[in-house]
$ cat data.cif   # mmCIF, C-alpha atoms and all ligand atoms
data_run
#
loop_
_atom_site.label_atom_id
_atom_site.label_comp_id
_atom_site.auth_asym_id
_atom_site.auth_seq_id
_atom_site.Cartn_x
_atom_site.Cartn_y
_atom_site.Cartn_z
CA MET A 1 25.31 -0.72 -13.33
CA PRO A 2 25.06 -0.05 -9.59
CA GLU A 3 23.77 -2.90 -7.47
CA SER A 4 22.10 -2.66 -4.09
CA SER A 5 20.32 -4.97 -1.72
CA CYS A 6 17.02 -4.42 -3.52
CA SER A 7 18.39 -5.35 -6.94
CA THR A 8 17.57 -8.73 -8.47
CA HIS A 9 18.42 -10.37 -11.74
CA GLY A 10 15.86 -11.93 -14.08
CA GLU A 11 16.94 -15.53 -13.88
CA SER A 12 18.01 -15.57 -10.28
CA ASN A 13 14.57 -14.13 -9.52
CA GLY A 14 12.94 -17.14 -11.14
CA ILE A 15 11.86 -14.95 -14.05
CA THR A 16 12.88 -15.97 -17.55
CA GLU A 17 12.08 -14.43 -20.92
CA LYS A 18 9.58 -17.17 -21.67
CA SER A 19 7.69 -16.83 -18.39
CA LEU A 20 6.74 -13.23 -19.08
CA GLU A 21 3.29 -12.44 -20.34
CA ASP A 22 4.63 -9.61 -22.49
CA VAL A 23 6.65 -11.98 -24.63
CA PHE A 24 5.93 -11.55 -28.37
CA ASP A 25 3.14 -13.77 -29.76
CA ASP A 26 4.61 -14.99 -33.06
CA THR A 27 1.56 -17.08 -33.94
CA TYR A 28 -0.03 -13.82 -35.06
CA ALA A 29 3.05 -12.32 -36.74
CA GLU A 30 1.81 -12.37 -40.36
CA LYS A 31 -0.92 -9.73 -40.04
CA VAL A 32 0.39 -6.25 -40.85
CA GLY A 33 -2.67 -4.28 -42.01
CA SER A 34 -0.73 -1.66 -43.98
CA ARG A 35 -3.50 -1.17 -46.59
CA ARG A 36 -6.32 -0.65 -44.12
CA PRO A 37 -8.23 2.64 -44.79
CA TRP A 38 -8.04 5.32 -42.11
CA THR A 39 -11.28 6.25 -40.33
CA LEU A 40 -10.39 9.81 -39.38
CA VAL A 41 -11.35 11.27 -35.98
CA TRP A 42 -11.60 14.95 -36.86
CA ARG A 43 -11.79 16.14 -33.24
CA ASN A 44 -8.35 14.65 -32.55
CA ILE A 45 -6.93 16.03 -35.80
CA TRP A 46 -8.03 19.55 -34.90
CA VAL A 47 -6.84 19.26 -31.29
CA MET A 48 -3.39 18.00 -32.36
CA ALA A 49 -3.09 20.69 -35.06
CA ILE A 50 -4.01 23.47 -32.61
CA LEU A 51 -1.72 22.01 -29.93
CA HIS A 52 1.26 22.00 -32.30
CA ALA A 53 0.45 25.53 -33.52
CA GLY A 54 0.33 26.64 -29.86
CA ALA A 55 3.68 24.95 -29.20
CA LEU A 56 5.18 26.79 -32.18
CA TYR A 57 3.88 30.08 -30.79
CA GLY A 58 5.55 29.07 -27.49
CA VAL A 59 8.90 28.82 -29.32
CA PHE A 60 8.54 32.48 -30.40
CA LEU A 61 7.83 33.47 -26.78
CA ILE A 62 11.12 32.00 -25.48
CA PRO A 63 12.99 35.36 -25.73
CA ASP A 64 10.28 37.00 -23.56
CA ALA A 65 10.51 34.40 -20.78
CA CYS A 66 12.39 34.78 -17.47
CA ALA A 67 15.33 32.38 -16.97
CA LEU A 68 13.41 30.79 -14.09
CA THR A 69 10.48 30.06 -16.41
CA LEU A 70 12.80 28.26 -18.83
CA ILE A 71 14.24 26.19 -15.97
CA TRP A 72 10.70 25.47 -14.75
CA SER A 73 9.74 24.28 -18.24
CA PHE A 74 12.56 21.71 -18.14
CA VAL A 75 11.55 20.67 -14.61
CA CYS A 76 7.97 20.09 -15.82
CA PHE A 77 9.31 18.15 -18.83
CA TYR A 78 11.38 15.83 -16.63
CA ILE A 79 8.67 15.28 -14.01
CA SER A 80 6.06 14.49 -16.66
CA ALA A 81 8.53 12.28 -18.55
CA LEU A 82 9.23 10.27 -15.39
CA GLY A 83 5.48 9.72 -14.99
CA VAL A 84 5.62 7.96 -18.36
CA THR A 85 9.04 6.26 -18.32
CA ALA A 86 9.46 5.23 -14.67
CA GLY A 87 5.69 5.09 -14.10
CA ALA A 88 3.38 3.97 -16.93
CA HIS A 89 6.14 2.16 -18.80
CA ARG A 90 8.69 0.46 -16.55
CA LEU A 91 6.52 0.11 -13.42
CA TRP A 92 2.93 -0.38 -14.56
CA SER A 93 3.30 -1.86 -18.07
CA HIS A 94 6.24 -4.17 -17.39
CA ARG A 95 6.36 -4.56 -13.59
CA SER A 96 10.15 -4.37 -13.90
CA TYR A 97 10.46 -3.14 -10.30
CA THR A 98 8.14 -2.50 -7.37
CA ALA A 99 7.32 0.88 -5.86
CA THR A 100 5.99 1.89 -2.45
CA PRO A 101 2.62 3.72 -2.29
CA PRO A 102 4.23 7.20 -1.91
CA LEU A 103 6.35 6.64 -5.03
CA ARG A 104 3.35 5.25 -6.92
CA ALA A 105 1.34 8.33 -5.91
CA PHE A 106 4.13 10.65 -7.15
CA LEU A 107 4.41 8.76 -10.44
CA ALA A 108 0.65 8.89 -10.97
CA LEU A 109 0.62 12.67 -10.45
CA ALA A 110 3.60 13.02 -12.79
CA ASN A 111 1.76 10.84 -15.28
CA SER A 112 -1.26 13.15 -15.24
CA MET A 113 1.11 16.03 -15.94
CA ALA A 114 2.20 14.11 -19.08
CA PHE A 115 -1.43 13.75 -20.35
CA GLN A 116 -0.81 10.63 -22.46
CA ASN A 117 -4.03 8.80 -21.54
CA ASP A 118 -4.45 7.42 -18.04
CA ILE A 119 -2.04 4.79 -16.69
CA TYR A 120 -4.51 1.92 -17.17
CA GLU A 121 -5.16 2.73 -20.84
CA TRP A 122 -1.47 3.49 -21.54
CA ALA A 123 -0.27 0.22 -19.97
CA ARG A 124 -3.01 -1.81 -21.67
CA ASP A 125 -2.11 -0.41 -25.11
CA HIS A 126 1.59 -0.89 -24.39
CA ARG A 127 1.17 -4.53 -23.41
CA VAL A 128 -0.69 -5.12 -26.69
CA HIS A 129 2.15 -3.32 -28.49
CA HIS A 130 4.74 -5.75 -27.07
CA LYS A 131 2.71 -8.91 -27.45
CA TYR A 132 1.54 -8.21 -31.03
CA SER A 133 4.33 -5.88 -32.15
CA GLU A 134 4.00 -4.73 -35.77
CA THR A 135 0.82 -6.63 -36.52
CA ASP A 136 -2.77 -5.41 -36.91
CA ALA A 137 -3.19 -5.72 -33.14
CA ASP A 138 -0.31 -3.31 -32.41
CA PRO A 139 -1.93 0.12 -31.72
CA HIS A 140 0.97 1.95 -33.41
CA ASN A 141 2.09 -0.72 -35.88
CA ALA A 142 5.26 0.77 -37.46
CA LYS A 143 4.70 -1.26 -40.63
CA ARG A 144 1.96 1.27 -41.45
CA GLY A 145 4.63 3.97 -41.83
CA PHE A 146 6.41 6.65 -39.82
CA PHE A 147 3.45 9.03 -39.58
CA PHE A 148 1.01 6.35 -38.43
CA ALA A 149 3.41 5.05 -35.75
CA HIS A 150 4.28 8.59 -34.60
CA VAL A 151 0.90 10.30 -34.26
CA GLY A 152 -1.46 8.98 -36.96
CA TRP A 153 -2.70 6.16 -34.72
CA LEU A 154 -4.14 8.79 -32.34
CA LEU A 155 -6.08 10.44 -35.17
CA ILE A 156 -8.07 7.44 -36.44
CA ARG A 157 -10.24 4.61 -35.09
CA LYS A 158 -8.26 1.63 -33.82
CA HIS A 159 -7.94 -1.56 -35.84
CA PRO A 160 -10.55 -3.99 -34.39
CA ASP A 161 -7.77 -6.51 -33.65
CA VAL A 162 -6.18 -4.06 -31.18
CA ILE A 163 -9.37 -4.10 -29.14
CA GLU A 164 -10.05 -7.81 -29.60
CA LYS A 165 -6.53 -8.89 -28.57
CA GLY A 166 -6.36 -6.23 -25.85
CA ARG A 167 -9.53 -7.56 -24.23
CA LYS A 168 -7.82 -10.95 -23.78
CA LEU A 169 -4.83 -9.49 -21.94
CA GLU A 170 -4.21 -10.06 -18.26
CA LEU A 171 -4.78 -6.67 -16.60
CA SER A 172 -5.84 -7.74 -13.11
CA ASP A 173 -2.70 -6.23 -11.55
CA LEU A 174 -3.68 -2.80 -12.92
CA LYS A 175 -7.29 -3.16 -11.78
CA ALA A 176 -6.08 -4.12 -8.28
CA ASP A 177 -3.78 -1.11 -8.03
CA LYS A 178 -5.68 1.57 -6.09
CA VAL A 179 -3.39 4.36 -7.30
CA VAL A 180 -3.96 3.40 -10.95
CA MET A 181 -7.74 3.20 -10.57
CA PHE A 182 -7.89 6.46 -8.56
CA GLN A 183 -5.97 8.26 -11.29
CA ARG A 184 -8.32 6.76 -13.92
CA ARG A 185 -11.43 7.93 -12.04
CA HIS A 186 -10.13 11.50 -11.67
CA TYR A 187 -8.13 11.68 -14.87
CA LYS A 188 -9.65 14.75 -16.57
CA LEU A 189 -9.49 16.92 -13.46
CA SER A 190 -5.93 15.79 -12.67
CA VAL A 191 -4.81 16.63 -16.22
CA LEU A 192 -6.41 20.07 -16.10
CA ILE A 193 -4.63 20.86 -12.84
CA LEU A 194 -1.27 19.16 -13.39
CA CYS A 195 -0.67 19.42 -17.13
CA PHE A 196 -1.97 22.96 -17.62
CA LEU A 197 -2.79 24.97 -14.44
CA VAL A 198 0.25 24.13 -12.27
CA PRO A 199 2.84 24.66 -15.07
CA MET A 200 1.20 28.01 -15.93
CA MET A 201 0.46 29.34 -12.41
CA VAL A 202 3.75 28.55 -10.64
CA PRO A 203 5.85 31.05 -12.70
CA TRP A 204 3.09 33.68 -12.42
CA TYR A 205 2.69 33.30 -8.64
CA PHE A 206 6.34 32.86 -7.61
CA TRP A 207 8.30 35.14 -9.93
CA GLY A 208 5.75 37.29 -11.70
CA GLU A 209 5.87 35.67 -15.14
CA SER A 210 2.99 36.56 -17.47
CA LEU A 211 0.19 34.01 -17.67
CA LEU A 212 0.57 34.03 -21.47
CA VAL A 213 4.19 32.83 -21.29
CA GLY A 214 3.28 30.40 -18.50
CA TYR A 215 0.52 28.86 -20.62
CA PHE A 216 2.50 28.54 -23.85
CA LEU A 217 5.97 27.59 -22.55
CA PRO A 218 5.87 25.25 -19.51
CA GLY A 219 2.32 24.44 -20.60
CA LEU A 220 1.81 23.75 -24.30
CA LEU A 221 5.41 23.73 -25.60
CA ARG A 222 6.67 21.45 -22.82
CA TYR A 223 3.66 19.11 -23.25
CA THR A 224 4.06 18.93 -27.03
CA ALA A 225 7.83 18.35 -26.79
CA ALA A 226 7.31 15.46 -24.34
CA LEU A 227 4.60 13.97 -26.58
CA ASN A 228 6.89 14.02 -29.61
CA ALA A 229 9.83 12.60 -27.63
CA THR A 230 7.56 9.72 -26.61
CA TRP A 231 6.14 9.20 -30.10
CA LEU A 232 9.70 8.96 -31.53
CA VAL A 233 10.08 5.68 -29.63
CA ASN A 234 7.17 4.26 -31.63
CA SER A 235 8.29 5.74 -34.96
CA ALA A 236 12.07 6.41 -35.22
CA ALA A 237 13.16 3.69 -32.77
CA HIS A 238 11.11 1.15 -34.73
CA MET A 239 12.81 2.19 -38.00
CA TRP A 240 16.35 3.51 -37.61
CA GLY A 241 19.30 2.04 -35.71
CA ASN A 242 21.17 -1.20 -35.09
CA ARG A 243 19.70 -4.48 -33.91
CA PRO A 244 22.48 -6.02 -31.81
CA TYR A 245 20.19 -8.28 -29.75
CA ASP A 246 17.58 -9.47 -32.26
CA ARG A 247 17.84 -8.80 -36.00
CA ASN A 248 14.46 -10.48 -36.59
CA ILE A 249 12.42 -7.66 -35.01
CA ASN A 250 12.09 -4.05 -36.14
CA PRO A 251 12.75 -2.11 -32.89
CA ARG A 252 16.22 -0.50 -32.99
CA GLU A 253 18.91 1.01 -30.79
CA ASN A 254 18.55 4.74 -31.42
CA PRO A 255 20.82 7.01 -29.30
CA ILE A 256 19.02 10.24 -30.28
CA VAL A 257 15.69 8.82 -29.12
CA ALA A 258 17.38 7.39 -26.00
CA PHE A 259 18.57 10.89 -25.11
CA SER A 260 15.30 12.72 -25.81
CA ALA A 261 13.10 10.05 -24.20
CA MET A 262 15.14 9.67 -21.00
CA GLY A 263 16.56 6.23 -21.81
CA GLU A 264 13.73 4.70 -23.83
CA GLY A 265 15.50 4.56 -27.20
CA PHE A 266 17.44 1.32 -26.60
CA HIS A 267 14.45 -0.28 -28.19
CA ASN A 268 15.98 -3.44 -29.71
CA TYR A 269 17.20 -4.31 -26.20
CA HIS A 270 13.86 -3.39 -24.65
CA HIS A 271 11.76 -5.56 -27.00
CA THR A 272 14.24 -8.42 -26.48
CA PHE A 273 14.33 -8.11 -22.66
CA PRO A 274 11.08 -6.24 -21.79
CA PHE A 275 11.32 -7.17 -18.11
CA ASP A 276 14.62 -5.30 -17.57
CA TYR A 277 13.98 -2.19 -15.44
CA ALA A 278 16.86 -0.31 -17.13
CA THR A 279 15.68 -0.92 -20.75
CA SER A 280 19.39 -1.10 -21.63
CA GLU A 281 22.57 -2.82 -20.50
CA PHE A 282 24.45 0.46 -19.99
CA GLY A 283 23.10 1.72 -16.67
CA TRP A 284 22.76 5.49 -16.47
CA SER A 285 24.27 6.27 -19.89
CA PHE A 286 21.64 8.30 -21.83
CA ASN A 287 19.20 6.92 -19.27
CA LEU A 288 18.00 9.36 -16.60
CA THR A 289 15.05 7.07 -15.85
CA THR A 290 17.34 4.27 -14.69
CA ALA A 291 19.24 6.75 -12.50
CA PHE A 292 15.90 7.84 -11.02
CA ILE A 293 14.77 4.27 -10.25
CA ASP A 294 18.18 3.50 -8.69
CA LEU A 295 17.87 6.63 -6.55
CA MET A 296 14.38 5.52 -5.44
CA CYS A 297 15.81 2.12 -4.48
CA PHE A 298 18.59 3.83 -2.54
CA LEU A 299 15.92 5.82 -0.67
CA ARG A 300 13.97 2.57 -0.09
CA LEU A 301 10.98 3.86 -2.04
CA ALA A 302 11.42 1.11 -4.67
CA SER A 303 12.80 -2.42 -4.74
CA GLY A 304 12.91 -5.65 -6.74
CA ARG A 305 14.60 -4.36 -9.89
CA ARG A 306 14.64 -7.07 -12.54
CA SER A 307 17.54 -7.27 -14.99
CA ALA A 308 18.75 -9.52 -17.76
CA THR A 309 22.01 -11.20 -16.77
CA ARG A 310 25.25 -10.63 -18.70
CA GLU A 311 25.16 -14.30 -19.82
CA MET A 312 21.63 -13.95 -21.16
CA ILE A 313 22.53 -10.79 -23.07
CA THR A 314 25.71 -12.20 -24.60
CA ALA A 315 24.10 -15.50 -25.56
CA ARG A 316 21.13 -13.74 -27.13
CA ALA A 317 23.29 -11.25 -29.05
CA GLN A 318 25.39 -14.12 -30.45
CA ARG A 319 22.31 -16.16 -31.38
CA THR A 320 20.02 -13.53 -32.93
CA GLY A 321 21.92 -10.19 -33.06
CA ASP A 322 22.88 -8.42 -36.29
CA GLY A 323 26.57 -8.42 -35.28
CA SER A 324 26.74 -4.63 -34.95
CA PRO A 325 28.88 -3.24 -32.13
CA ILE A 326 27.02 -2.71 -28.86
CA SER A 327 27.69 0.61 -27.16
CA GLY A 328 26.01 2.67 -24.50
C1 LIG B 1 -0.45 9.60 -26.23
C2 LIG B 1 -0.09 8.20 -25.91
O1 LIG B 1 0.29 10.37 -26.74
C3 LIG B 1 1.35 7.92 -26.23
C4 LIG B 1 1.68 6.50 -25.96
C5 LIG B 1 3.04 6.18 -26.49
C6 LIG B 1 3.48 4.82 -26.16
C7 LIG B 1 4.99 4.77 -26.34
C8 LIG B 1 5.57 3.45 -26.00
C9 LIG B 1 7.08 3.47 -26.14
C10 LIG B 1 7.86 2.95 -24.95
C11 LIG B 1 7.92 3.91 -23.79
C12 LIG B 1 8.54 5.19 -24.12
C13 LIG B 1 8.23 6.30 -23.13
C14 LIG B 1 8.99 7.56 -23.51
C15 LIG B 1 8.56 8.77 -22.71
C16 LIG B 1 9.43 9.93 -22.99
C17 LIG B 1 8.98 11.20 -22.36
C18 LIG B 1 9.86 12.41 -22.69
N1 LIG B 1 -7.37 -3.28 -25.38
O2 LIG B 1 -9.80 4.08 -27.59
P1 LIG B 1 -11.18 3.88 -28.12
C19 LIG B 1 -11.58 -0.46 -25.99
S1 LIG B 1 -2.07 10.07 -25.79
C20 LIG B 1 -8.63 -3.53 -24.98
O3 LIG B 1 -12.12 5.02 -28.01
P2 LIG B 1 -11.45 4.13 -30.98
C21 LIG B 1 -11.88 0.72 -25.06
O4 LIG B 1 -11.76 0.37 -23.71
C22 LIG B 1 -2.17 11.75 -26.23
N2 LIG B 1 -9.64 -2.69 -25.22
O5 LIG B 1 -11.03 3.38 -29.63
C23 LIG B 1 -13.28 1.06 -25.47
O6 LIG B 1 -14.15 0.12 -24.86
P3 LIG B 1 -15.50 0.57 -24.10
C24 LIG B 1 -3.46 12.38 -25.73
C25 LIG B 1 -9.38 -1.57 -25.89
O7 LIG B 1 -12.88 4.49 -30.99
C26 LIG B 1 -13.30 0.78 -26.99
O8 LIG B 1 -12.25 -0.18 -27.21
N3 LIG B 1 -4.63 11.55 -25.96
C27 LIG B 1 -8.09 -1.27 -26.36
O9 LIG B 1 -10.94 3.30 -32.08
C28 LIG B 1 -13.05 2.01 -27.84
O10 LIG B 1 -11.78 2.58 -27.43
C29 LIG B 1 -5.25 11.48 -27.14
O11 LIG B 1 -4.86 12.07 -28.12
C30 LIG B 1 -7.06 -2.18 -26.08
N4 LIG B 1 -5.78 -1.95 -26.47
O12 LIG B 1 -10.64 5.50 -30.88
C31 LIG B 1 -6.48 10.58 -27.16
N5 LIG B 1 -8.13 -0.08 -26.99
O13 LIG B 1 -16.28 1.29 -25.14
C32 LIG B 1 -6.24 9.56 -28.17
C33 LIG B 1 -9.38 0.35 -26.94
O14 LIG B 1 -16.06 -0.71 -23.62
N6 LIG B 1 -7.23 8.51 -28.20
N7 LIG B 1 -10.14 -0.56 -26.28
O15 LIG B 1 -15.02 1.49 -23.01
C34 LIG B 1 -8.44 8.52 -28.81
O16 LIG B 1 -9.02 9.56 -29.03
C35 LIG B 1 -9.00 7.20 -29.22
O17 LIG B 1 -8.43 6.17 -28.46
C36 LIG B 1 -8.73 6.94 -30.74
C37 LIG B 1 -9.25 5.55 -31.10
C38 LIG B 1 -9.45 7.97 -31.60
C39 LIG B 1 -7.23 6.94 -31.05
ZN ZN B 2 8.19 -0.67 -29.33
ZN ZN B 3 7.81 -1.48 -23.19
#

$ encode --input "data.cif" --output "structure tokens"
Amino acid sequence: MPESSCSTHGESNGITEKSLEDVFDDTYAEKVGSRRPWTLVWRNIWVMAILHAGALYGVFLIPDACALTLIWSFVCFYISALGVTAGAHRLWSHRSYTATPPLRAFLALANSMAFQNDIYEWARDHRVHHKYSETDADPHNAKRGFFFAHVGWLLIRKHPDVIEKGRKLELSDLKADKVVMFQRRHYKLSVLILCFLVPMMVPWYFWGESLLVGYFLPGLLRYTAALNATWLVNSAAHMWGNRPYDRNINPRENPIVAFSAMGEGFHNYHHTFPFDYATSEFGWSFNLTTAFIDLMCFLRLASGRRSATREMITARAQRTGDGSPISG
């Protein structure tokens, strides 16, 4: 993993696993809630069904699209994904590095393009997910099954424990972040512009693509693909894969999810060392987000990357790992 002057390691930084607020709360570990009835939210069910039907229609429009529109769709996918991975996740949920105001502004715009709830709500739910993983208080508790962890949790009312435990979390850093609160105040408008209008209008304006293709391909299909890539971290990467760092937790190392979610599928590592900015010990391998953060550090737009040390990783793998080979 490349090192630069702005790179720091967890322990040498005075940060240990135990000192982190996102460390798992095992006093609450017994509550799994798998038999709780679902209170359906029909509006969300209809919206998700129509969105996925629109994305499917987008697949059939691929042969009609200009090559530039296809490239643009990937560009939109990567920008919006960075708003989630480098932004809402590694920066705002875990504070695994620090970012200058211009980078925070870019990540907030990219995050609105991803339309996955605003940064404040995303980071709050994600902190509850880590602290109460796979209990009633976990918003997407994977013990309630693949479908619930993937998308079902967005289609029903939350378990009251999610809200109760979430209200006790320390969120003052998010409330003090002007970029986060600005995005929250203007969230709907920013989503309309960045998730739908910009992806659709750029191909129409610059290379004469039809608005129909612009709406369904870089718009709906790209958005739906990024949503599902993200949701796979909650579903597949909590179910399938090895557990080389901690065999006592469900999150797994899943290379397919790591690839599709820009480095977020090394999930056994991530739940074991949530403060590590790379979410893996293998640097840029299957991990475009880590490459992006390193580039931002090189450009002096970010600093203070926190990492688990080699000694910590080896000791932890020997103590709690499942003995499976570790590979990046
Ligand atoms: C989406 C999010 O897709 C995806 C997140 C994925 C996370 C993945 C993590 C994995 C690691 C990172 C991987 C990144 C990979 C990226 C790859 C990219 C290629 N604490 O919510 P309400 C309060 S979003 C404290 O309405 P209901 C709340 O403030 C997709 N408080 O609950 C409110 O209080 P007040 C688009 C909390 O009624 C009250 O409770 N968005 C907490 O049960 C009610 O809140 C959608 O589809 C908490 N944790 O409704 C929208 N939670 O009244 C989906 C809530 O005082 N959401 N509160 O303001 C909804 O419609 C609703 O939230 C609901 C639940 C129906 C699901
Ligand atoms: Zn997880
Ligand atoms: Zn996390």

$ closest_atom_pairs --input "data.cif" --of "region 73-106 of chain A" --to "region 214-223 of chain A" --cutoff "12 Å" --atoms "all atoms listed in the file" --output "Markdown table"
| residue | atom | partner | partner_atom | distance |
| --- | --- | --- | --- | --- |
| A:Ser73 | CA | A:Pro218 | CA | 4.2 |
| A:Phe74 | CA | A:Arg222 | CA | 7.5 |
| A:Val75 | CA | A:Pro218 | CA | 8.8 |
| A:Cys76 | CA | A:Pro218 | CA | 6.7 |
| A:Phe77 | CA | A:Arg222 | CA | 5.8 |
| A:Tyr78 | CA | A:Arg222 | CA | 9.6 |
| A:Ile79 | CA | A:Arg222 | CA | 10.9 |
| A:Ser80 | CA | A:Tyr223 | CA | 8.4 |
| A:Ala81 | CA | A:Tyr223 | CA | 9.6 |

$ residues_around --input "data.cif" --residues "region 123-129 of chain A" --least-positions-apart "5" --cutoff "7 Å" --atoms "all atoms listed in the file" --output "list in words"
Asp22, Ala88, His89, Trp92, Ser93, Ala137, Asp138, Pro139 and Gly166 of chain A

$ closest_residue --input "data.cif" --among "A:Ala308, A:Val180, A:Val198, A:Ala149" --to "ligand ZN 2 (chain B)" --atoms "all atoms listed in the file"
A:Ala149

$ residues_near_ligand --input "data.cif" --ligand "ligand ZN 3 (chain B)" --cutoff "12 Å" --atoms "only C-alpha atoms and all ligand atoms" --output "ChimeraX atom specification"
/A:22-24,84-96,122-131,133,230,233-234,251,263-280

$ atom_distance --input "data.cif" --atom1 "atom P1 of ligand LIG 1 (chain B)" --atom2 "CA of Glu134 (chain A)"
19.1 Å

$ atom_distance --input "data.cif" --atom1 "CA of Thr135 (chain A)" --atom2 "CA of Asn250 (chain A)"
11.6 Å

$ atom_distance --input "data.cif" --atom1 "CA of Leu194 (chain A)" --atom2 "CA of Met113 (chain A)"
4.7 Å

$ closest_residue --input "data.cif" --among "A:Val257, A:Ile45, A:Ile293, A:Leu288" --to "Met239 (chain A)" --atoms "all atoms listed in the file"
A:Val257
